[in-house]
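S.K.: Attaching a single structure in structure tokens format; questions to follow.
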Amino acid sequence: MNRQLAWAVSGILVAVLAAVAVWISLDSPGAVLGDTPEPREQRPTRSEETIVVEIPSGHTAEQIGDELFRRGVITSSRQFQTLVGLLGYEGRLVVGTYDFEPGMLTMDVIERIRRGVTSEIVVTIPEGWQAAEIFARVAEHSPISVADLEAAAADPDVARGTLAFARPDGVSLEGYLFPSTYVISRVATAADVVRQMLRQFDAQITIDMRAEIAAAGRPLHLLLTIASIVEREAVLPAERAVIASVFWNRIDNDLPLQADPTVQYALAQDPDSVSLYGHWKSPLTAEDLQVPSPWNTYASDEVPPTPIASPGIESILAALRPAETPYFFFVARGDGGHLFAETFEEHRDNVDRVRSQ
């Protein structure tokens, strides 16, 4: 390149950059009154609150600019599109949900989208929580209400296309809302959130696991119910498969499960009990063990109609692959572990041993 051509190219670049700088400055809140030309587009009225905008996959810079202008985030869609093109950002704008403050510069808006500084909500659901606890946690961190989440979970179509859709008729989604950390869009509906959790559950139950469940001859819903009780009983990871073996041994021998967490779940169906003792009342009383409920495995010989909580994958695997043991009983030692017994006499001795400590 000769010297004259180099000077000419440099001059053009300087002119373009100067024009861009001027254009950007016209968007600045500090622009001098009268310096800004008449706008070519009718600018929407800005809100003083944060503006939440969803940028879907596949949108062009023109479509994004039009939406940002319509929502009052930027003053000119054309300016947005041109700057994106000059900067080479077309195709590099990150989809997601964004928070914008009124009065932001167009360049700041573009940089936020290019860097993907999204405003999704992050919610962590621990293992062993009831659906009511899960919905309360989501509502605490998002604009979605508990009532809307409950309504979505009760809608049969929400589970369509997921493993939960095959659960027994008339039962809730209890247990199928997989415990995990979720990134939730600020414009997501309650149905979107519930489906997200159901799809996460499906992702955990791999094709090989589904074949293993079928080979074991135990329905997924029953397996998940036992896994939920294991989740609430087990403290030490090494004991999960042993605890699962106790429940399967009792089921195979037509014995009631007699699991304390099922009583706690039964009590949690009463709002007054929840307000007094929370979702997991402890300690339980002799009167609690008699509360009439299909979930109370002391008062009923049947397996609960639904899981009592959302188990994690380790408890699901423990229920699927229980240890081979002769045990029918266990009692908590008080240090997180349990004492296991084959006969009621051995169990009674273990209980006396624990009480004497």
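Labels used: A, B, ... for chains in the order of the structure tokens, numbers from 1 for residues in each chain, and numbers from 1 for ligands as shown.
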Can you check which parts of segment 183-271 of chain A lie within 7 Å of segment 282-298 of chain A? Per residue, the shortest pair of atoms and distance in Å to one decimal, counting only C-alpha atoms, sorted by chain and number, as JSON lines.
M.R.:
{"residue": "A:Pro256", "atom": "CA", "partner": "A:Thr297", "partner_atom": "CA", "distance": 6.2}
{"residue": "A:Leu257", "atom": "CA", "partner": "A:Thr297", "partner_atom": "CA", "distance": 5.6}
{"residue": "A:Gln258", "atom": "CA", "partner": "A:Tyr298", "partner_atom": "CA", "distance": 4.7}
{"residue": "A:Ala259", "atom": "CA", "partner": "A:Thr297", "partner_atom": "CA", "distance": 6.2}
{"residue": "A:Thr262", "atom": "CA", "partner": "A:Asn296", "partner_atom": "CA", "distance": 5.3}
{"residue": "A:Val263", "atom": "CA", "partner": "A:Asn296", "partner_atom": "CA", "distance": 4.7}
{"residue": "A:Tyr265", "atom": "CA", "partner": "A:Trp295", "partner_atom": "CA", "distance": 6.9}
{"residue": "A:Ala266", "atom": "CA", "partner": "A:Trp295", "partner_atom": "CA", "distance": 5.4}
S.K.: With only C-alpha atoms as the counted atoms, please give the residues lying no more than 9 Å from segment 215-232 of chain A, apart from itself and same-chain residues fewer than 4 positions off, as JSON, numbers by chain.
M.R.: {"A": [127, 128, 129, 163, 164, 166, 167, 168, 175, 176, 210, 211, 240, 241, 243, 244, 247, 248, 259, 260, 261, 262, 303, 304, 305, 306, 307, 308, 309, 310, 311, 312, 313, 314, 315, 316, 317, 318, 319, 320]}
S.K.: In terms of the shortest atom-to-atom distance over only C-alpha atoms, which of A:Gly65, A:Gly334, A:Pro126, A:Pro156 is closest to Thr106 of chain A?
M.R.: A:Gly65
S.K.: Residues of segment 185-282 of chain A that have any atom at most 10 Å from an atom of segment 338-345 of chain A: could you tabulate them with the shortest-distance atom pair and the distance in Å to one decimal, using only C-alpha atoms, ordered by chain and increasing number, as a Markdown table?
M.R.:
| residue | atom | partner | partner_atom | distance |
| --- | --- | --- | --- | --- |
| A:Glu233 | CA | A:His338 | CA | 9.6 |
| A:Ala234 | CA | A:His338 | CA | 8.7 |
| A:Val235 | CA | A:His338 | CA | 9.1 |
| A:Leu236 | CA | A:His338 | CA | 9.0 |
| A:Glu239 | CA | A:His338 | CA | 8.1 |
| A:Val242 | CA | A:Phe340 | CA | 8.7 |
| A:Ile243 | CA | A:Phe340 | CA | 8.7 |
| A:Val246 | CA | A:Phe340 | CA | 8.7 |
S.K.: Which polymer residues have any atom within 12 Å of an atom of Asp108 of chain A, counting only C-alpha atoms, with same-chain residues fewer than 4 positions away left out, as a PDB file with all heavy atoms, in the first residue's frame?
M.R.:
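Final output, part_5.pdb:
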ATOM      1  N   ILE A  24     -22.962   8.249  19.007  1.00  0.00           N
ATOM      2  CA  ILE A  24     -23.086   7.738  20.365  1.00  0.00           C
ATOM      3  C   ILE A  24     -23.344   8.867  21.349  1.00  0.00           C
ATOM      4  O   ILE A  24     -24.171   8.773  22.252  1.00  0.00           O
ATOM      5  CB  ILE A  24     -21.814   6.953  20.765  1.00  0.00           C
ATOM      6  CG1 ILE A  24     -21.697   5.693  19.910  1.00  0.00           C
ATOM      7  CG2 ILE A  24     -21.831   6.597  22.243  1.00  0.00           C
ATOM      8  CD1 ILE A  24     -20.379   4.958  20.102  1.00  0.00           C
ATOM      9  N   ASP A  27     -26.766  10.062  21.982  1.00  0.00           N
ATOM     10  CA  ASP A  27     -27.599   9.198  22.803  1.00  0.00           C
ATOM     11  C   ASP A  27     -27.375   9.442  24.287  1.00  0.00           C
ATOM     12  O   ASP A  27     -28.084   8.921  25.125  1.00  0.00           O
ATOM     13  CB  ASP A  27     -27.256   7.740  22.446  1.00  0.00           C
ATOM     14  CG  ASP A  27     -28.228   6.740  23.062  1.00  0.00           C
ATOM     15  OD1 ASP A  27     -29.434   7.046  23.091  1.00  0.00           O
ATOM     16  OD2 ASP A  27     -27.771   5.679  23.503  1.00  0.00           O
ATOM     17  N   SER A  28     -26.331  10.239  24.604  1.00  0.00           N
ATOM     18  CA  SER A  28     -25.943  10.432  25.999  1.00  0.00           C
ATOM     19  C   SER A  28     -26.902  11.349  26.730  1.00  0.00           C
ATOM     20  O   SER A  28     -27.376  12.333  26.176  1.00  0.00           O
ATOM     21  CB  SER A  28     -24.530  11.030  26.049  1.00  0.00           C
ATOM     22  OG  SER A  28     -24.225  11.448  27.363  1.00  0.00           O
ATOM     23  N   VAL A  73     -35.925   1.070  25.739  1.00  0.00           N
ATOM     24  CA  VAL A  73     -34.557   0.907  26.219  1.00  0.00           C
ATOM     25  C   VAL A  73     -33.602   1.809  25.454  1.00  0.00           C
ATOM     26  O   VAL A  73     -32.684   2.400  26.028  1.00  0.00           O
ATOM     27  CB  VAL A  73     -34.114  -0.574  26.084  1.00  0.00           C
ATOM     28  CG1 VAL A  73     -32.657  -0.742  26.505  1.00  0.00           C
ATOM     29  CG2 VAL A  73     -35.015  -1.471  26.918  1.00  0.00           C
ATOM     30  N   ILE A  74     -33.797   1.916  24.135  1.00  0.00           N
ATOM     31  CA  ILE A  74     -32.933   2.745  23.290  1.00  0.00           C
ATOM     32  C   ILE A  74     -33.779   3.789  22.578  1.00  0.00           C
ATOM     33  O   ILE A  74     -35.000   3.669  22.497  1.00  0.00           O
ATOM     34  CB  ILE A  74     -32.164   1.894  22.260  1.00  0.00           C
ATOM     35  CG1 ILE A  74     -33.149   1.118  21.373  1.00  0.00           C
ATOM     36  CG2 ILE A  74     -31.200   0.947  22.962  1.00  0.00           C
ATOM     37  CD1 ILE A  74     -32.482   0.315  20.264  1.00  0.00           C
ATOM     38  N   PHE A  80     -29.023   1.440  16.667  1.00  0.00           N
ATOM     39  CA  PHE A  80     -28.611   0.171  17.243  1.00  0.00           C
ATOM     40  C   PHE A  80     -28.112  -0.775  16.155  1.00  0.00           C
ATOM     41  O   PHE A  80     -27.029  -1.364  16.268  1.00  0.00           O
ATOM     42  CB  PHE A  80     -29.795  -0.458  17.994  1.00  0.00           C
ATOM     43  CG  PHE A  80     -29.518  -1.818  18.572  1.00  0.00           C
ATOM     44  CD1 PHE A  80     -29.013  -1.953  19.856  1.00  0.00           C
ATOM     45  CD2 PHE A  80     -29.780  -2.970  17.833  1.00  0.00           C
ATOM     46  CE1 PHE A  80     -28.772  -3.213  20.401  1.00  0.00           C
ATOM     47  CE2 PHE A  80     -29.542  -4.231  18.367  1.00  0.00           C
ATOM     48  CZ  PHE A  80     -29.031  -4.344  19.653  1.00  0.00           C
ATOM     49  N   LEU A  83     -24.704   0.421  14.598  1.00  0.00           N
ATOM     50  CA  LEU A  83     -23.569   0.220  15.496  1.00  0.00           C
ATOM     51  C   LEU A  83     -23.205  -1.259  15.604  1.00  0.00           C
ATOM     52  O   LEU A  83     -22.024  -1.619  15.616  1.00  0.00           O
ATOM     53  CB  LEU A  83     -23.885   0.781  16.881  1.00  0.00           C
ATOM     54  CG  LEU A  83     -23.935   2.312  16.989  1.00  0.00           C
ATOM     55  CD1 LEU A  83     -24.417   2.727  18.371  1.00  0.00           C
ATOM     56  CD2 LEU A  83     -22.571   2.917  16.705  1.00  0.00           C
ATOM     57  N   VAL A  84     -24.199  -2.108  15.671  1.00  0.00           N
ATOM     58  CA  VAL A  84     -23.931  -3.548  15.716  1.00  0.00           C
ATOM     59  C   VAL A  84     -23.181  -3.982  14.465  1.00  0.00           C
ATOM     60  O   VAL A  84     -22.219  -4.758  14.526  1.00  0.00           O
ATOM     61  CB  VAL A  84     -25.246  -4.341  15.875  1.00  0.00           C
ATOM     62  CG1 VAL A  84     -25.011  -5.841  15.629  1.00  0.00           C
ATOM     63  CG2 VAL A  84     -25.831  -4.135  17.266  1.00  0.00           C
ATOM     64  N   PHE A 100     -32.457  -3.794  31.868  1.00  0.00           N
ATOM     65  CA  PHE A 100     -31.889  -2.533  31.404  1.00  0.00           C
ATOM     66  C   PHE A 100     -32.424  -1.395  32.266  1.00  0.00           C
ATOM     67  O   PHE A 100     -33.592  -1.395  32.649  1.00  0.00           O
ATOM     68  CB  PHE A 100     -32.234  -2.271  29.935  1.00  0.00           C
ATOM     69  CG  PHE A 100     -31.693  -3.308  28.990  1.00  0.00           C
ATOM     70  CD1 PHE A 100     -32.533  -4.231  28.388  1.00  0.00           C
ATOM     71  CD2 PHE A 100     -30.330  -3.359  28.708  1.00  0.00           C
ATOM     72  CE1 PHE A 100     -32.038  -5.186  27.521  1.00  0.00           C
ATOM     73  CE2 PHE A 100     -29.823  -4.311  27.836  1.00  0.00           C
ATOM     74  CZ  PHE A 100     -30.679  -5.230  27.244  1.00  0.00           C
ATOM     75  N   GLU A 101     -31.526  -0.436  32.549  1.00  0.00           N
ATOM     76  CA  GLU A 101     -31.928   0.719  33.333  1.00  0.00           C
ATOM     77  C   GLU A 101     -32.295   1.854  32.384  1.00  0.00           C
ATOM     78  O   GLU A 101     -31.637   2.050  31.353  1.00  0.00           O
ATOM     79  CB  GLU A 101     -30.800   1.179  34.253  1.00  0.00           C
ATOM     80  CG  GLU A 101     -30.365   0.125  35.270  1.00  0.00           C
ATOM     81  CD  GLU A 101     -29.489  -0.959  34.675  1.00  0.00           C
ATOM     82  OE1 GLU A 101     -28.643  -0.642  33.812  1.00  0.00           O
ATOM     83  OE2 GLU A 101     -29.674  -2.134  35.040  1.00  0.00           O
ATOM     84  N   PRO A 102     -33.339   2.602  32.698  1.00  0.00           N
ATOM     85  CA  PRO A 102     -33.703   3.740  31.852  1.00  0.00           C
ATOM     86  C   PRO A 102     -32.527   4.700  31.689  1.00  0.00           C
ATOM     87  O   PRO A 102     -31.782   4.964  32.633  1.00  0.00           O
ATOM     88  CB  PRO A 102     -34.848   4.403  32.618  1.00  0.00           C
ATOM     89  CG  PRO A 102     -35.415   3.306  33.461  1.00  0.00           C
ATOM     90  CD  PRO A 102     -34.262   2.436  33.835  1.00  0.00           C
ATOM     91  N   GLY A 103     -32.328   5.207  30.460  1.00  0.00           N
ATOM     92  CA  GLY A 103     -31.274   6.187  30.202  1.00  0.00           C
ATOM     93  C   GLY A 103     -29.940   5.579  29.834  1.00  0.00           C
ATOM     94  O   GLY A 103     -28.951   6.311  29.687  1.00  0.00           O
ATOM     95  N   MET A 104     -29.847   4.262  29.665  1.00  0.00           N
ATOM     96  CA  MET A 104     -28.583   3.638  29.278  1.00  0.00           C
ATOM     97  C   MET A 104     -28.171   4.069  27.878  1.00  0.00           C
ATOM     98  O   MET A 104     -29.009   4.277  27.000  1.00  0.00           O
ATOM     99  CB  MET A 104     -28.702   2.104  29.310  1.00  0.00           C
ATOM    100  CG  MET A 104     -28.733   1.491  30.682  1.00  0.00           C
ATOM    101  SD  MET A 104     -28.773  -0.329  30.610  1.00  0.00           S
ATOM    102  CE  MET A 104     -27.154  -0.678  29.884  1.00  0.00           C
ATOM    103  N   ARG A 112     -23.731  -5.100  26.756  1.00  0.00           N
ATOM    104  CA  ARG A 112     -24.346  -6.013  27.722  1.00  0.00           C
ATOM    105  C   ARG A 112     -24.867  -7.257  27.012  1.00  0.00           C
ATOM    106  O   ARG A 112     -24.692  -8.381  27.502  1.00  0.00           O
ATOM    107  CB  ARG A 112     -25.473  -5.307  28.473  1.00  0.00           C
ATOM    108  CG  ARG A 112     -26.159  -6.181  29.509  1.00  0.00           C
ATOM    109  CD  ARG A 112     -27.107  -5.390  30.389  1.00  0.00           C
ATOM    110  NE  ARG A 112     -26.402  -4.420  31.220  1.00  0.00           N
ATOM    111  CZ  ARG A 112     -26.972  -3.680  32.170  1.00  0.00           C
ATOM    112  NH1 ARG A 112     -28.282  -3.818  32.401  1.00  0.00           N
ATOM    113  NH2 ARG A 112     -26.276  -2.821  32.877  1.00  0.00           N
ATOM    114  N   ILE A 113     -25.476  -7.051  25.848  1.00  0.00           N
ATOM    115  CA  ILE A 113     -26.023  -8.196  25.103  1.00  0.00           C
ATOM    116  C   ILE A 113     -24.901  -9.020  24.479  1.00  0.00           C
ATOM    117  O   ILE A 113     -24.948 -10.244  24.464  1.00  0.00           O
ATOM    118  CB  ILE A 113     -27.002  -7.704  24.020  1.00  0.00           C
ATOM    119  CG1 ILE A 113     -28.158  -6.922  24.668  1.00  0.00           C
ATOM    120  CG2 ILE A 113     -27.557  -8.871  23.221  1.00  0.00           C
ATOM    121  CD1 ILE A 113     -29.077  -6.250  23.678  1.00  0.00           C
ATOM    122  N   ARG A 114     -23.863  -8.360  23.976  1.00  0.00           N
ATOM    123  CA  ARG A 114     -22.758  -9.101  23.347  1.00  0.00           C
ATOM    124  C   ARG A 114     -22.048  -9.976  24.375  1.00  0.00           C
ATOM    125  O   ARG A 114     -21.651 -11.107  24.083  1.00  0.00           O
ATOM    126  CB  ARG A 114     -21.753  -8.139  22.715  1.00  0.00           C
ATOM    127  CG  ARG A 114     -20.595  -8.863  21.993  1.00  0.00           C
ATOM    128  CD  ARG A 114     -19.525  -7.897  21.575  1.00  0.00           C
ATOM    129  NE  ARG A 114     -18.809  -7.339  22.719  1.00  0.00           N
ATOM    130  CZ  ARG A 114     -17.799  -7.942  23.343  1.00  0.00           C
ATOM    131  NH1 ARG A 114     -17.394  -9.136  22.960  1.00  0.00           N
ATOM    132  NH2 ARG A 114     -17.196  -7.354  24.355  1.00  0.00           N
ATOM    133  N   ARG A 115     -21.888  -9.469  25.596  1.00  0.00           N
ATOM    134  CA  ARG A 115     -21.188 -10.224  26.636  1.00  0.00           C
ATOM    135  C   ARG A 115     -22.102 -11.213  27.362  1.00  0.00           C
ATOM    136  O   ARG A 115     -21.648 -12.003  28.172  1.00  0.00           O
ATOM    137  CB  ARG A 115     -20.567  -9.259  27.647  1.00  0.00           C
ATOM    138  CG  ARG A 115     -19.404  -8.454  27.059  1.00  0.00           C
ATOM    139  CD  ARG A 115     -18.697  -7.613  28.102  1.00  0.00           C
ATOM    140  NE  ARG A 115     -19.496  -6.485  28.558  1.00  0.00           N
ATOM    141  CZ  ARG A 115     -19.963  -6.333  29.780  1.00  0.00           C
ATOM    142  NH1 ARG A 115     -19.717  -7.261  30.704  1.00  0.00           N
ATOM    143  NH2 ARG A 115     -20.686  -5.290  30.112  1.00  0.00           N
ATOM    144  N   VAL A 117     -24.594 -10.611  29.533  1.00  0.00           N
ATOM    145  CA  VAL A 117     -24.840 -10.303  30.944  1.00  0.00           C
ATOM    146  C   VAL A 117     -26.349 -10.383  31.182  1.00  0.00           C
ATOM    147  O   VAL A 117     -27.047  -9.373  31.279  1.00  0.00           O
ATOM    148  CB  VAL A 117     -24.286  -8.918  31.321  1.00  0.00           C
ATOM    149  CG1 VAL A 117     -24.440  -8.672  32.823  1.00  0.00           C
ATOM    150  CG2 VAL A 117     -22.829  -8.793  30.916  1.00  0.00           C
TER     151      VAL A 117
END
